[in-house]
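Contents: one structure, followed by commentary.
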Amino acid sequence: MLRLFRRGPGRRLLVMGLDGVPHSLLTELIDGGEMPNLAAVAASGDLRPARSTYPTVSCTAWTSFVTGVNPGTHGVFGFADLEPGSYRQYITGSQYVRSPQLWRILGERGRRVVIINVPVTAPPPEVNGVLVSGFLAPRLDGATHPPELAERLQALGYRIDIDPWQARQSLDALLEDLDATLRARVAAATELLASEQWTYAMVHIMGTDRTNHFVWAKWADGDPDYAPRFVQYYRGVDAAVGEIMRAAGDDAELLLLSDHGFTRTVHEVNIDAWLRAHGYLAIPATEEAKIGDIDEDTSVFSMTPGRIRLNLRGREPQGCVEPGEHYEALREEIATSLMELADPDTGEPVLQAVRPREELFHGAALDNAPDLLAIPRDGYDLKSSLAGDELFTSSPITGMHTYGDAFWLIRGRTLAEGTPCVEDGAPTALSLLGEDLPEHLEGTPMA
Ligand SMILES: [Zn+2]
């Protein structure tokens with residue numbers, strides 16, 4: 001059937017990111033009648049499972065969405081990374097992204113944007129419009145463009161994120177914090193969408209990821225207290241989606257999506273403990289141990305999640321692994337023996353694959369990519385902690401990310417054939433707006 005849509009500069013798009021909401025969970029909650037707003041959008045569109053990025057972390061995935069390129073091009077491989085040629089770690093900020101984000105592409109074409117809480121937007125870039133940084137921004141003051149927006153948001157009780165440390169102490173405190181954060185997000189989003197001129201708006205909800213990390217097992221086990229509260233939080237998210245999409249107006253295009261799926265954590269697995277036990281990592285396990293302590297006795301080290309780096313001569317300051325043949329042989333040795341890692345209770349393999357970087361990534365930032373990436377089977381959450389010697393550990397975090405089982409949904413539209421992946425984000429957004437696609441984009445428009 002032929003359908004007519006508004007053309008030209010009048011077109012607008014609202015993207016709502018529901019961090020870490022699995023397609024499978026969303027389907028279950030919609031079918032159970034818990035999410036009527038999502039159900040209505042799903043009935044008009046094409047709710048589809050989608051793929052994340054490797055490594056499967058929000059900073060990497062959302063950066064792929066807003067740039068339309070793979071991590072080998074945009075250069076964001078995790079929450080933290082190493083400054084080239086050093087063992088110094090930095091927290092991933094907007095200044096480290098090597099490809100233009102949607103707000104820059106659109107801003108250069110004179111389009112205005114409203115960007116709320118998207119990961120990797122701290123410090124706040126000077127967009128054509130308004131922006132408030134996402135989690136990892138230290139505080140609201142200094143996290144907005146223009147700066148005076150912070151005061152307006154403060155008055156609405158705006159919070160960038162919950163307090164994840166408090167969450168480790170008490171689930172009740174976490175759930176209250178999540179509710180208050182969500183209510184303030186809705187107040188800010190509805191006000192900004194109504195009062196600003198915009199072509200592209202993007203509102204990010206991080207609380208879904210937080211809830212899943214801390215409450216997933218309680219929900220999966222049908223805990224009498226917390227399983228209902230897990231569902232109640234999702235009902236609140238549904239109401240938030242409803243209010244925000246109504247504030248944007250029916251004439252705006254609407255894309256709802258998540259950046260990765262979720263599953264129950266069976267074990268946390270400390271890759272550093274494995275490297276140490278196998279003689280590759282020579283830093284003794286102490287609370288103060290850090291990557292900066294590496295010397296020539298360490299041939300391999302790692303960063304969460306499953307990012308493995310060789311201590312390469314000429315690249316790392318204390319490098320001891322010779323480039324060329326030695327590097328390749330050591331990579332192969334690590335990949336082969338890591339694959340033997342097995343669950344201590346069941347004997348099941350922990351990893352799905354250990355892949356060399358050039359198989360997963362391509363582009364100008366490939367040099368910054370980990371030399372190997374360990375890809376876990378669902379349930380095995382890969383960590384890197386120099387402090388401990390225990391290989392299999394647990395924590396209050398009972399849910400972990402998955403690569404598949406993210407979701408995409410566009411109101412009133414059928415998606416193009418194939419499984420969408422986060423890199424398809426920028427091209428899809430531009431195509432929904434009727435904008436030309438810059439040539440450097442790697443993803444494909446899904447609508
Ligand atoms: Zn997460």
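Identifiers for the structure tokens are assigned positionally: chains receive A, B, ... in sequence, residues are indexed from 1 per chain, and ligands are indexed from 1 in the order shown.
Residues in contact with ligand 1 (atom pairs separated by at most 8 Å; only C-alpha atoms and all ligand atoms) are Asp19, Gly20, Val57, Ser58, Asp209, Arg210, Asn212, His213, Met400 and His401 of chain A.
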For the selection you just gave me, I'd like the residues written to a file as a PDB file, in the first residue's frame, keeping C-alpha atoms.
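File produced: result-v1.pdb:
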```pdb
ATOM      1  CA  ASP A  19      19.224   0.811  27.460  1.00  0.00           C
ATOM      2  CA  GLY A  20      19.634  -2.960  27.643  1.00  0.00           C
ATOM      3  CA  VAL A  57      28.875  -2.326  26.300  1.00  0.00           C
ATOM      4  CA  SER A  58      26.601   0.706  26.139  1.00  0.00           C
ATOM      5  CA  ASP A 209      19.915  -1.339  32.168  1.00  0.00           C
ATOM      6  CA  ARG A 210      20.395  -0.601  35.870  1.00  0.00           C
ATOM      7  CA  ASN A 212      18.285  -5.453  34.745  1.00  0.00           C
ATOM      8  CA  HIS A 213      21.780  -5.574  36.261  1.00  0.00           C
ATOM      9  CA  MET A 400      24.610  -9.211  32.165  1.00  0.00           C
ATOM     10  CA  HIS A 401      24.554  -7.907  28.592  1.00  0.00           C
TER      11      HIS A 401
END
```
Residues within 9 Å of A:Thr286, only C-alpha atoms, excluding chain neighbours under 5 positions, as number ranges by chain
A: 386-388
For the residues in that selection, give me N, CA, C and O atoms as an mmCIF file, in the first residue's frame.
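The new file result.cif reads:
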```cif
data_model
loop_
_atom_site.group_PDB
_atom_site.id
_atom_site.type_symbol
_atom_site.label_atom_id
_atom_site.label_comp_id
_atom_site.auth_asym_id
_atom_site.auth_seq_id
_atom_site.Cartn_x
_atom_site.Cartn_y
_atom_site.Cartn_z
ATOM 1 N N LEU A 386 42.668 -6.591 38.653
ATOM 2 C CA LEU A 386 44.017 -6.963 39.089
ATOM 3 C C LEU A 386 44.042 -7.290 40.574
ATOM 4 O O LEU A 386 44.993 -7.892 41.066
ATOM 5 N N ALA A 387 42.973 -6.922 41.297
ATOM 6 C CA ALA A 387 42.984 -7.050 42.753
ATOM 7 C C ALA A 387 42.843 -8.491 43.231
ATOM 8 O O ALA A 387 43.330 -8.835 44.303
ATOM 9 N N GLY A 388 42.173 -9.337 42.452
ATOM 10 C CA GLY A 388 41.859 -10.677 42.979
ATOM 11 C C GLY A 388 42.506 -11.805 42.201
ATOM 12 O O GLY A 388 42.870 -11.648 41.036
#
```
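Here atom CA of A:Met202 and atom CA of A:Asn117 stand 8.3 Å from one another.
Residue nearest A:Trp165 within the list A:Val21, A:Ala248, A:Val231, A:Ile397: A:Ile397 [criterion: smallest interatomic distance, only C-alpha atoms].
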Using the chain letters and numbers from this document, which residues of stretch 213-387 of chain A does DSSP assign to alpha helix (DSSP H), as number ranges by chain?
A: 213-220, 226-248, 271-277, 325-338, 357-360
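The closest residue to A:Arg11, picked from A:Phe392, A:Ala252, A:Tyr327, A:Asp345 and counting only C-alpha atoms, is A:Ala252.
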Hey, which of A:Ala40, A:Ile410, A:Gly75, A:Ala61 ends up closest to A:Glu253? Count only C-alpha atoms.
A:Ile410
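Between atom CA of A:Gln197 and atom CA of A:Gly10 the interatomic distance comes to 10.9 Å.
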